[in-house]
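Here is query_36.txt, consisting of compact mmCIF, C-alpha atoms and all ligand atoms:
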# COMPACT_ATOMS: atom_id res chain seq x y z
CA MET D 1 -154.70 33.93 -101.33
CA THR D 2 -157.60 31.80 -102.58
CA ILE D 3 -157.57 30.96 -106.29
CA LEU D 4 -160.54 29.16 -107.81
CA VAL D 5 -160.59 27.64 -111.29
CA LEU D 6 -164.10 26.92 -112.60
CA GLY D 7 -164.43 24.05 -115.08
CA GLY D 8 -162.49 20.85 -115.65
CA GLY D 9 -162.13 21.04 -119.44
CA PHE D 10 -159.20 22.10 -121.64
CA ALA D 11 -159.13 25.63 -120.21
CA GLY D 12 -159.65 24.85 -116.51
CA VAL D 13 -157.29 21.89 -116.29
CA GLU D 14 -154.47 23.69 -118.09
CA ALA D 15 -154.93 26.81 -115.93
CA ALA D 16 -154.78 24.72 -112.73
CA ILE D 17 -151.62 22.94 -113.96
CA LYS D 18 -149.91 26.21 -114.90
CA LEU D 19 -150.87 27.93 -111.63
CA ARG D 20 -149.35 25.03 -109.71
CA LYS D 21 -146.17 25.41 -111.78
CA TYR D 22 -145.97 29.02 -110.61
CA GLY D 23 -146.33 27.72 -107.04
CA TYR D 24 -149.89 28.79 -106.13
CA GLU D 25 -152.46 26.80 -104.14
CA VAL D 26 -155.39 26.11 -106.49
CA THR D 27 -158.87 24.63 -106.21
CA LEU D 28 -160.69 23.47 -109.34
CA ILE D 29 -164.49 23.12 -109.29
CA SER D 30 -166.27 21.01 -111.90
CA ASP D 31 -169.64 19.30 -112.13
CA ARG D 32 -168.12 16.07 -113.47
CA ASP D 33 -165.15 14.21 -112.09
CA TYR D 34 -163.38 13.85 -115.43
CA MET D 35 -162.04 15.96 -118.24
CA PHE D 36 -163.72 14.89 -121.47
CA ILE D 37 -161.35 14.92 -124.45
CA TYR D 38 -163.91 16.04 -127.03
CA PRO D 39 -161.57 15.91 -130.07
CA ILE D 40 -161.27 12.11 -129.86
CA SER D 41 -164.90 11.50 -128.83
CA ILE D 42 -165.89 11.45 -132.55
CA TRP D 43 -164.86 7.78 -132.64
CA ILE D 44 -167.20 6.67 -129.82
CA PRO D 45 -170.34 6.45 -132.03
CA VAL D 46 -168.55 4.39 -134.67
CA ASN D 47 -167.06 1.91 -132.21
CA GLY D 48 -163.55 3.30 -132.66
CA LEU D 49 -163.01 4.36 -129.06
CA HIS D 50 -164.31 3.23 -125.70
CA PHE D 51 -166.13 5.98 -123.81
CA ASP D 52 -163.78 5.70 -120.82
CA ASP D 53 -160.77 6.27 -123.07
CA ALA D 54 -161.99 9.80 -123.83
CA LYS D 55 -161.87 10.64 -120.11
CA LEU D 56 -159.14 11.89 -117.77
CA ASN D 57 -159.94 11.58 -114.09
CA LEU D 58 -159.77 15.01 -112.41
CA PHE D 59 -158.80 13.64 -108.99
CA GLU D 60 -155.86 11.78 -110.55
CA LEU D 61 -154.88 14.91 -112.46
CA GLY D 62 -155.17 16.96 -109.27
CA LYS D 63 -152.99 14.46 -107.42
CA LYS D 64 -150.31 14.51 -110.14
CA HIS D 65 -150.12 18.29 -110.31
CA GLY D 66 -151.04 19.17 -106.74
CA PHE D 67 -154.34 21.02 -107.15
CA LYS D 68 -157.50 20.40 -105.16
CA VAL D 69 -160.63 19.17 -106.94
CA ILE D 70 -164.22 19.78 -105.84
CA ILE D 71 -167.09 18.15 -107.74
CA GLU D 72 -170.11 20.41 -107.34
CA LYS D 73 -172.53 22.06 -109.74
CA ILE D 74 -172.03 25.82 -109.85
CA THR D 75 -175.36 27.61 -109.64
CA LYS D 76 -174.22 31.23 -109.31
CA ILE D 77 -171.11 33.27 -109.99
CA ASP D 78 -171.47 36.09 -107.46
CA ASN D 79 -168.64 38.30 -108.69
CA GLU D 80 -169.90 41.30 -106.70
CA ASN D 81 -169.23 39.42 -103.43
CA GLN D 82 -166.31 37.36 -104.74
CA GLN D 83 -167.99 34.03 -104.15
CA ILE D 84 -169.14 30.97 -106.08
CA ILE D 85 -172.35 29.28 -105.06
CA THR D 86 -172.83 25.60 -105.87
CA ASP D 87 -175.51 23.00 -105.22
CA LYS D 88 -173.63 22.08 -102.04
CA SER D 89 -171.77 25.11 -100.67
CA THR D 90 -170.33 28.59 -101.12
CA HIS D 91 -166.69 29.21 -102.03
CA LYS D 92 -164.99 32.57 -101.52
CA TYR D 93 -162.17 33.64 -103.81
CA ASP D 94 -159.54 36.31 -104.25
CA TYR D 95 -158.79 35.36 -107.87
CA LEU D 96 -161.01 33.54 -110.32
CA PHE D 97 -160.33 31.70 -113.59
CA ILE D 98 -163.52 30.85 -115.47
CA GLY D 99 -163.32 27.99 -117.99
CA LEU D 100 -166.91 26.76 -118.05
CA GLY D 101 -167.33 26.23 -121.78
CA MET D 102 -170.48 27.25 -123.62
CA SER D 103 -174.14 26.55 -124.11
CA LYS D 104 -176.04 25.96 -127.38
CA VAL D 105 -178.63 27.90 -129.38
CA TYR D 106 -182.01 26.18 -129.13
CA ILE D 107 -184.05 25.44 -132.24
CA LYS D 108 -187.61 24.09 -132.03
CA GLY D 109 -187.67 20.30 -131.76
CA MET D 110 -183.96 19.97 -131.04
CA GLU D 111 -184.78 17.13 -128.63
CA HIS D 112 -185.22 15.01 -131.79
CA THR D 113 -181.53 15.52 -132.59
CA HIS D 114 -178.30 14.34 -130.97
CA SER D 115 -175.07 16.24 -130.69
CA ILE D 116 -171.48 15.07 -130.45
CA CYS D 117 -170.75 18.47 -128.86
CA GLY D 118 -173.18 18.17 -125.98
CA LYS D 119 -172.98 16.27 -122.72
CA PRO D 120 -170.37 13.49 -123.03
CA ASN D 121 -173.01 10.74 -122.72
CA GLU D 122 -174.59 11.90 -125.97
CA ALA D 123 -171.73 10.16 -127.81
CA LEU D 124 -173.04 6.84 -126.42
CA THR D 125 -176.63 7.68 -127.39
CA ILE D 126 -175.48 8.36 -130.96
CA LYS D 127 -173.64 5.02 -130.94
CA ASP D 128 -176.84 3.19 -129.88
CA LYS D 129 -179.02 4.96 -132.46
CA LEU D 130 -176.51 4.22 -135.22
CA GLU D 131 -176.29 0.57 -134.20
CA ASN D 132 -180.12 0.29 -134.29
CA LEU D 133 -180.12 1.67 -137.83
CA VAL D 134 -177.39 -0.75 -138.87
CA VAL D 135 -179.54 -3.62 -137.58
CA LYS D 136 -182.49 -2.19 -139.54
CA GLY D 137 -180.24 -2.17 -142.60
CA SER D 138 -181.13 1.13 -144.28
CA GLY D 139 -182.18 4.72 -143.61
CA ASN D 140 -181.64 8.46 -143.94
CA ILE D 141 -178.93 9.98 -141.78
CA ASN D 142 -178.55 13.76 -141.70
CA ILE D 143 -175.56 15.42 -140.09
CA GLY D 144 -175.11 19.17 -139.82
CA PHE D 145 -174.35 22.29 -137.85
CA GLY D 146 -175.77 25.74 -137.30
CA GLY D 147 -174.68 29.17 -136.11
CA ASN D 148 -175.89 31.75 -133.65
CA PRO D 149 -177.92 34.51 -135.35
CA LYS D 150 -176.83 36.93 -132.60
CA ASP D 151 -173.16 36.22 -133.24
CA PRO D 152 -171.61 38.51 -135.84
CA THR D 153 -168.23 36.75 -135.60
CA SER D 154 -169.01 33.08 -136.35
CA THR D 155 -166.47 32.10 -133.68
CA THR D 156 -169.28 30.14 -132.02
CA VAL D 157 -169.78 27.83 -135.02
CA ARG D 158 -168.40 24.33 -134.47
CA GLY D 159 -168.22 22.74 -137.90
CA GLY D 160 -165.12 20.54 -137.75
CA PRO D 161 -166.63 17.80 -135.53
CA ALA D 162 -169.72 17.62 -137.76
CA PHE D 163 -167.53 16.95 -140.82
CA GLU D 164 -165.53 14.39 -138.85
CA LEU D 165 -168.63 12.57 -137.64
CA LEU D 166 -170.09 12.58 -141.16
CA PHE D 167 -167.03 10.99 -142.78
CA ASN D 168 -166.58 8.54 -139.90
CA VAL D 169 -170.22 7.42 -140.15
CA SER D 170 -169.81 6.94 -143.89
CA HIS D 171 -166.63 4.90 -143.37
CA TYR D 172 -168.32 2.86 -140.63
CA LEU D 173 -171.29 1.98 -142.87
CA HIS D 174 -168.90 1.15 -145.69
CA LYS D 175 -167.02 -1.29 -143.43
CA LYS D 176 -170.36 -2.95 -142.59
CA GLY D 177 -171.09 -3.30 -146.31
CA LEU D 178 -174.14 -1.07 -145.92
CA ARG D 179 -173.01 2.28 -147.31
CA ASP D 180 -175.22 2.05 -150.44
CA LYS D 181 -178.28 1.33 -148.27
CA PHE D 182 -178.08 4.68 -146.50
CA ASN D 183 -178.65 8.25 -147.67
CA LEU D 184 -176.13 10.44 -145.94
CA THR D 185 -176.78 14.19 -146.13
CA PHE D 186 -174.79 17.09 -144.78
CA PHE D 187 -176.90 20.16 -143.95
CA ALA D 188 -176.13 23.68 -142.76
CA PRO D 189 -178.05 26.97 -142.92
CA MET D 190 -175.07 28.92 -144.28
CA LEU D 191 -174.24 28.96 -147.98
CA GLU D 192 -170.59 28.11 -147.53
CA PRO D 193 -170.21 25.98 -144.40
CA GLY D 194 -166.62 25.35 -143.36
CA LYS D 195 -165.24 28.49 -145.01
CA ARG D 196 -163.69 29.63 -141.74
CA MET D 197 -161.06 26.91 -142.14
CA GLY D 198 -159.84 28.87 -145.18
CA GLU D 199 -160.55 29.08 -148.93
CA LYS D 200 -158.34 26.08 -149.75
CA ALA D 201 -159.85 23.82 -147.10
CA TYR D 202 -163.36 24.89 -148.08
CA LYS D 203 -162.77 24.04 -151.75
CA ASN D 204 -161.35 20.63 -150.81
CA MET D 205 -164.47 19.77 -148.79
CA GLY D 206 -166.29 19.28 -152.12
CA ALA D 207 -163.88 16.46 -152.98
CA PHE D 208 -164.53 14.84 -149.59
CA PHE D 209 -168.32 14.97 -150.09
CA LYS D 210 -167.88 13.34 -153.50
CA ARG D 211 -165.54 10.64 -152.23
CA PHE D 212 -167.89 9.71 -149.39
CA HIS D 213 -171.03 9.99 -151.61
CA VAL D 214 -172.58 12.57 -149.31
CA ASN D 215 -175.52 14.75 -150.42
CA THR D 216 -175.37 18.39 -149.40
CA HIS D 217 -178.13 20.74 -148.32
CA PHE D 218 -176.85 24.28 -147.73
CA GLY D 219 -178.17 27.82 -147.40
CA LYS D 220 -181.62 27.16 -145.91
CA LYS D 221 -182.52 28.27 -142.41
CA ILE D 222 -183.73 25.46 -140.14
CA LYS D 223 -187.26 26.01 -138.91
CA GLU D 224 -187.80 22.92 -136.82
CA PHE D 225 -186.64 19.37 -136.14
CA LYS D 226 -189.24 16.58 -136.08
CA ASP D 227 -188.72 12.97 -135.04
CA ASN D 228 -188.60 11.90 -138.70
CA ALA D 229 -187.63 15.08 -140.59
CA ILE D 230 -185.85 18.42 -140.66
CA VAL D 231 -188.13 21.30 -141.69
CA PHE D 232 -186.56 24.35 -143.35
CA ALA D 233 -187.73 27.98 -143.50
CA ASP D 234 -189.44 27.44 -146.89
CA ASP D 235 -191.28 24.41 -145.42
CA SER D 236 -189.26 21.96 -147.50
CA GLN D 237 -188.24 18.85 -145.55
CA LEU D 238 -185.46 16.31 -145.33
CA GLU D 239 -186.61 12.89 -144.18
CA SER D 240 -184.55 11.67 -141.28
CA ASP D 241 -184.13 8.46 -139.30
CA LEU D 242 -181.24 9.98 -137.40
CA THR D 243 -180.39 13.68 -137.13
CA LEU D 244 -177.02 14.62 -135.69
CA TYR D 245 -176.88 18.37 -135.22
CA ILE D 246 -174.30 20.66 -133.65
CA ALA D 247 -176.07 23.88 -132.73
CA GLY D 248 -174.29 27.24 -132.72
CA GLY D 249 -172.64 28.17 -129.44
CA ASP D 250 -174.29 30.49 -126.96
CA GLY D 251 -173.25 32.01 -123.62
CA MET D 252 -174.29 30.04 -120.54
CA ASP D 253 -177.14 31.29 -118.32
CA LEU D 254 -174.69 31.01 -115.45
CA ILE D 255 -172.65 33.77 -117.06
CA LYS D 256 -175.55 35.75 -118.50
CA ASN D 257 -176.89 36.07 -114.92
CA THR D 258 -173.76 37.85 -113.69
CA SER D 259 -172.75 41.50 -113.96
CA LEU D 260 -169.63 40.49 -115.91
CA PRO D 261 -169.34 42.42 -119.20
CA GLN D 262 -170.65 40.33 -122.08
CA ASN D 263 -171.04 40.48 -125.84
CA GLU D 264 -174.44 40.03 -127.53
CA THR D 265 -174.17 36.23 -127.32
CA GLY D 266 -173.39 36.09 -123.59
CA PHE D 267 -169.66 35.43 -123.78
CA VAL D 268 -167.48 37.35 -121.36
CA LYS D 269 -165.57 40.32 -122.75
CA ILE D 270 -161.88 40.05 -122.00
CA ASN D 271 -158.79 42.02 -122.97
CA GLU D 272 -155.78 40.57 -124.73
CA LEU D 273 -154.40 39.41 -121.36
CA CYS D 274 -157.56 37.24 -120.96
CA ARG D 275 -158.60 39.43 -118.02
CA VAL D 276 -162.21 40.57 -117.72
CA GLU D 277 -162.73 44.23 -118.53
CA ASN D 278 -163.00 46.20 -115.23
CA GLU D 279 -162.52 43.08 -113.05
CA ASP D 280 -158.84 42.88 -112.16
CA ASN D 281 -159.12 39.55 -110.35
CA ILE D 282 -161.09 37.55 -112.93
CA TYR D 283 -159.77 35.83 -116.05
CA VAL D 284 -162.03 34.04 -118.55
CA ILE D 285 -160.52 31.40 -120.83
CA GLY D 286 -161.61 28.91 -123.47
CA ASP D 287 -165.07 28.66 -124.98
CA ALA D 288 -166.64 30.87 -122.26
CA ALA D 289 -164.76 33.96 -123.48
CA ALA D 290 -165.69 36.32 -126.31
CA ILE D 291 -162.58 35.82 -128.42
CA ARG D 292 -161.22 38.35 -130.86
CA ASN D 293 -162.84 38.14 -134.26
CA HIS D 294 -160.34 37.25 -136.93
CA PRO D 295 -161.20 35.01 -139.89
CA TRP D 296 -158.48 32.69 -138.50
CA ALA D 297 -159.98 32.53 -134.99
CA ALA D 298 -162.24 29.76 -133.72
CA LYS D 299 -163.01 28.37 -130.28
CA GLN D 300 -160.87 25.25 -130.06
CA GLY D 301 -159.30 23.12 -127.35
CA HIS D 302 -155.78 24.22 -128.10
CA ILE D 303 -156.84 27.89 -128.04
CA ALA D 304 -158.41 27.22 -124.61
CA GLU D 305 -154.98 25.93 -123.52
CA VAL D 306 -153.22 28.94 -125.06
CA MET D 307 -155.58 31.20 -123.10
CA ALA D 308 -154.90 29.23 -119.92
CA ASP D 309 -151.17 29.75 -120.46
CA VAL D 310 -151.53 33.46 -121.25
CA SER D 311 -153.91 34.21 -118.36
CA THR D 312 -151.83 32.43 -115.71
CA TYR D 313 -148.61 34.05 -116.99
CA ASN D 314 -150.19 37.52 -116.80
CA PHE D 315 -151.69 36.77 -113.38
CA HIS D 316 -148.33 35.61 -112.01
CA ASN D 317 -146.45 38.60 -113.39
CA THR D 318 -149.04 40.97 -111.95
CA ILE D 319 -148.66 39.34 -108.51
CA ILE D 320 -144.86 39.56 -108.55
CA HIS D 321 -144.98 43.16 -109.89
CA SER D 322 -143.15 42.27 -113.07
CA GLY D 323 -143.99 44.21 -116.22
CA LYS D 324 -143.95 41.10 -118.41
CA ARG D 325 -147.20 40.29 -120.23
CA LYS D 326 -148.44 37.93 -122.97
CA SER D 327 -151.29 38.52 -125.44
CA TYR D 328 -153.56 35.75 -126.72
CA TRP D 329 -154.42 37.86 -129.78
CA GLU D 330 -151.07 37.09 -131.38
CA LYS D 331 -151.54 33.37 -130.83
CA LEU D 332 -154.92 32.94 -132.50
CA HIS D 333 -155.00 30.45 -135.36
CA ILE D 334 -157.05 27.47 -136.50
CA ILE D 335 -155.38 24.08 -136.48
CA CYS D 336 -157.07 20.74 -136.80
CA VAL D 337 -156.54 17.22 -137.99
CA MET D 338 -159.94 16.55 -139.52
CA ASP D 339 -160.42 12.81 -139.26
CA SER D 340 -162.40 10.72 -141.74
CA GLY D 341 -161.96 7.28 -140.19
CA ASP D 342 -159.68 6.13 -143.02
CA GLY D 343 -157.40 9.18 -143.06
CA ALA D 344 -157.52 12.86 -142.25
CA ALA D 345 -156.92 16.35 -143.57
CA PHE D 346 -154.46 18.59 -141.79
CA VAL D 347 -155.79 22.16 -141.73
CA ILE D 348 -153.95 25.28 -140.61
CA ARG D 349 -155.18 28.84 -140.89
CA THR D 350 -153.16 31.74 -139.51
CA SER D 351 -152.97 35.46 -140.32
CA LYS D 352 -150.32 34.63 -142.92
CA LYS D 353 -151.15 31.23 -144.38
CA GLU D 354 -153.82 28.69 -145.21
CA ILE D 355 -152.80 25.08 -145.55
CA MET D 356 -154.78 21.91 -146.16
CA ILE D 357 -152.86 18.67 -146.62
CA PRO D 358 -154.79 15.45 -147.25
CA LEU D 359 -153.25 12.63 -145.21
CA PRO D 360 -154.79 9.32 -146.30
CA ILE D 361 -154.49 6.55 -143.66
CA VAL D 362 -151.59 8.10 -141.75
CA GLY D 363 -153.71 11.16 -140.75
CA HIS D 364 -156.14 8.94 -138.86
CA TRP D 365 -153.32 7.33 -136.90
CA LEU D 366 -151.74 10.72 -136.30
CA LYS D 367 -154.90 11.87 -134.55
CA LYS D 368 -155.17 8.60 -132.62
CA GLY D 369 -151.55 9.12 -131.55
CA TRP D 370 -152.27 12.68 -130.46
CA GLY D 371 -155.11 11.45 -128.21
CA TRP D 372 -152.84 8.93 -126.55
CA TYR D 373 -150.00 11.44 -126.18
CA PHE D 374 -152.36 14.10 -124.78
CA LYS D 375 -153.47 11.79 -121.94
CA GLN D 376 -149.95 10.56 -121.17
CA SER D 377 -148.43 14.03 -121.10
CA LYS D 378 -151.27 15.49 -119.00
CA MET D 379 -150.70 12.69 -116.48
CA LYS D 380 -146.96 13.53 -116.50
CA ARG D 381 -146.09 10.12 -117.89
CA MET D 382 -144.40 11.77 -120.86
CA PHE D 383 -142.59 15.01 -121.61
CA ARG D 384 -144.97 17.75 -122.67
CA ILE D 385 -144.13 19.29 -126.05
CA PRO D 386 -145.08 23.00 -125.78
CA GLY D 387 -148.25 23.72 -127.76
CA MET D 388 -149.49 20.10 -127.87
C1 LIG O 401 -166.73 16.61 -130.89
C2 LIG O 401 -165.74 17.74 -130.71
C3 LIG O 401 -164.53 17.67 -131.39
C4 LIG O 401 -163.59 18.69 -131.25
N1 LIG O 401 -162.39 18.62 -131.90
C5 LIG O 401 -161.43 19.54 -131.66
C6 LIG O 401 -160.13 19.41 -132.24
O1 LIG O 401 -159.87 18.48 -133.00
N2 LIG O 401 -159.20 20.34 -131.90
C7 LIG O 401 -159.46 21.36 -131.04
O2 LIG O 401 -158.56 22.15 -130.73
N3 LIG O 401 -160.70 21.54 -130.49
C8 LIG O 401 -161.68 20.65 -130.78
N4 LIG O 401 -162.92 20.79 -130.22
C9 LIG O 401 -163.23 21.99 -129.40
C10 LIG O 401 -162.78 21.80 -127.97
O3 LIG O 401 -163.19 20.57 -127.45
C11 LIG O 401 -163.36 22.94 -127.12
O4 LIG O 401 -162.96 24.16 -127.68
C12 LIG O 401 -162.84 22.81 -125.69
O5 LIG O 401 -163.43 21.68 -125.08
C13 LIG O 401 -163.13 24.07 -124.89
O6 LIG O 401 -162.58 23.89 -123.62
P1 LIG O 401 -163.23 24.60 -122.34
O7 LIG O 401 -162.41 24.17 -121.19
O8 LIG O 401 -163.39 26.05 -122.61
O9 LIG O 401 -164.70 23.99 -122.24
P2 LIG O 401 -165.15 22.48 -121.94
O10 LIG O 401 -164.17 21.51 -122.47
O11 LIG O 401 -166.54 22.41 -122.44
O12 LIG O 401 -165.14 22.38 -120.37
C14 LIG O 401 -166.09 23.03 -119.56
C15 LIG O 401 -166.00 22.47 -118.16
O13 LIG O 401 -166.89 23.19 -117.30
C16 LIG O 401 -167.65 22.28 -116.54
N5 LIG O 401 -168.93 22.90 -116.20
C17 LIG O 401 -169.86 23.38 -117.04
N6 LIG O 401 -170.90 23.87 -116.35
C18 LIG O 401 -170.64 23.70 -115.05
C19 LIG O 401 -171.33 24.00 -113.83
N7 LIG O 401 -172.54 24.59 -113.83
N8 LIG O 401 -170.75 23.68 -112.66
C20 LIG O 401 -169.53 23.09 -112.62
N9 LIG O 401 -168.83 22.79 -113.73
C21 LIG O 401 -169.38 23.08 -114.94
C22 LIG O 401 -167.78 21.03 -117.43
O14 LIG O 401 -168.04 19.87 -116.70
C23 LIG O 401 -166.37 21.00 -118.04
O15 LIG O 401 -165.49 20.35 -117.16
C24 LIG O 401 -163.89 19.80 -130.40
C25 LIG O 401 -165.12 19.86 -129.73
C26 LIG O 401 -166.03 18.85 -129.88
C27 LIG O 401 -167.31 18.93 -129.13

Here is a file; write its structure as structure tokens.
Amino acid sequence: MTILVLGGGFAGVEAAIKLRKYGYEVTLISDRDYMFIYPISIWIPVNGLHFDDAKLNLFELGKKHGFKVIIEKITKIDNENQQIITDKSTHKYDYLFIGLGMSKVYIKGMEHTHSICGKPNEALTIKDKLENLVVKGSGNINIGFGGNPKDPTSTTVRGGPAFELLFNVSHYLHKKGLRDKFNLTFFAPMLEPGKRMGEKAYKNMGAFFKRFHVNTHFGKKIKEFKDNAIVFADDSQLESDLTLYIAGGDGMDLIKNTSLPQNETGFVKINELCRVENEDNIYVIGDAAAIRNHPWAAKQGHIAEVMADVSTYNFHNTIIHSGKRKSYWEKLHIICVMDSGDGAAFVIRTSKKEIMIPLPIVGHWLKKGWGWYFKQSKMKRMFRIPGM
């Protein structure tokens, strides 16, 4: 039986690990030879983390857990003929786990912006641009996020990292003694950005903006980015020396070009078992999947891992003809430690509760500790606490 896992991110790596635990031979295909730990990459631009420390080598992971790793760029998912075509070869499969992440909605002039949610190297570009501005001594920095107009669910909006980057940049400038020399503005086209984290968390964001002396610019559609400004639908402009923008998520062309069932944004439709509708041998997990729309659902790394766990469990029980099944629907929730450089806010949103606890100082170290623990436990150097 040939099992292929596509993608070496949160979803793919966890699926490969779990499949090995069930005793299957697994091959993971990724276009980069490392897993990038996005949640801790927010510290790269502000000199708080070395780029290499946000990476986990896939070959080392494969060696530890016993799965095979192939580094090739996938160019076609040929589900009709059960094969994956890459820039170097063709791989046949019997079972497929897709964890390829997502693409971004394009807005005119987006090349004038930089995103902490794009290719990993972008974090280094942001670091360089920020350092240049620090040398210059003053400027206008605008940080924001957008949605996908085709997405009725808002599960493709990635706001948390934009808030984290904003507060970290403010803290960084403060440490340099330059905070009062910079205008820092947070912008978003929606009227109430961040509301998905819950009413309580949303209300508390106001206090954060005040504390970090951040201007806000909400509720205006973005028309275009220029090299020195952001232009809005009513032709008003925000001057900008550095624009850091996280675009709304979109399905990848790689997936849009398949016959797999998709929602209007190009994410693959799955059932609660994480299996593709009408394709018994394909599971889609993580950001690539169209997840169920609850107000307490968002595409996050730990949800990608939950989906990896659920999909591999259901796959295994199907193979051994057991009736046991798990549903990812019941496990959806939002959890994040939103870092501000000098502390953090712990946010939880489930079907039953909304919690936001400010954690000055200790919250920052909690998140740092999580990053360290995540790498150690993935490399089997430490016991893995379920759900972390
Ligand atoms: C800055 C930032 C901070 C975040 N903070 C948090 C947080 O605090 N908590 C949290 O839970 N989540 C957080 N997230 C969200 C989390 O990182 C994502 O939800 C998670 O990475 C999704 O995992 P994935 O495996 O589905 O996709 P990805 O991690 O994007 O992995 C996709 C994989 O597919 C590979 N791939 C893509 N295209 C191809 C191709 N053509 N051929 C071969 N391989 C390909 C990529 O190389 C990669 O290995 C954050 C995200 C960002 C960007």

Inset, instruction - Name the residues, using the chain letters and numbers of the file, that sit within 8 Å of (-176.7, 28.8, -115.2) when counting only C-alpha atoms, and give them as a ChimeraX atom specification. - result: /D:74-76,252-257

Inset, instruction - Please identify the residues whose atoms come within 7 Å of ligand LIG 401 (chain O), using all atoms listed in the file, and report them as JSON, numbers by chain. - result: {"D": [6, 7, 8, 9, 10, 11, 12, 29, 30, 31, 32, 35, 36, 37, 38, 39, 40, 41, 42, 72, 73, 74, 75, 99, 100, 101, 102, 116, 117, 118, 160, 161, 254, 285, 286, 287, 288, 299, 300, 301, 302, 303, 304, 335, 336, 337, 338]}

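Residues within 6 Å of region 134-140 of chain D, counting only C-alpha atoms and excluding same-chain residues fewer than 3 positions away, are Glu131, Lys181, Phe182, Asn183, Ser240 and Asp241 of chain D.
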
Inset, instruction - Give me the residues within 10 Å of Gly146 (chain D) as a list in words, counting all atoms listed in the file and dropping any in the same chain fewer than 4 places off. - result: Lys104, Val105, Ile107, Thr156, Val157, Arg158, Gly159, Phe187, Ala188, Pro189, Met190, Pro193, Lys221, Ile222, Tyr245, Ile246, Ala247, Gly248 and Gly249 of chain D

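Counting from CA of Phe267 (chain D), the distance to CA of Gly147 (chain D) is 14.7 Å.
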
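Of the listed residues (D:Ile44, D:Ile98, D:Leu133, D:Leu166), D:Ile98 comes nearest to Val268 (chain D); the distances count all atoms listed in the file.
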
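Put simply, CA of Gln82 (chain D) is 14.1 Å away from CA of Asn278 (chain D).
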
Region 297-308 of chain D: axis-aligned bounding box, 4 Å on each side, centre and edge lengths in Å, one decimal, as AutoDock Vina command-line options:
--center_x -158.1 --center_y 27.8 --center_z -127.5 --size_x 17.8 --size_y 17.4 --size_z 23.1

Inset, instruction - Calculate how many Å separate CA of Arg292 (chain D) from CA of Phe186 (chain D), rounding to one decimal. - result: 28.8 Å

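Using all atoms listed in the file, the shortest contact distance between Lys63 (chain D) and any of D:Met379, D:Leu366, D:Val306, D:Ala207 is found at D:Met379.
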
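Distance annotation: of D:Leu61, D:Leu165, D:Ile70, D:Ala16, the residue with the minimal separation from Val46 (chain D) is D:Leu165; atom set is all atoms listed in the file.
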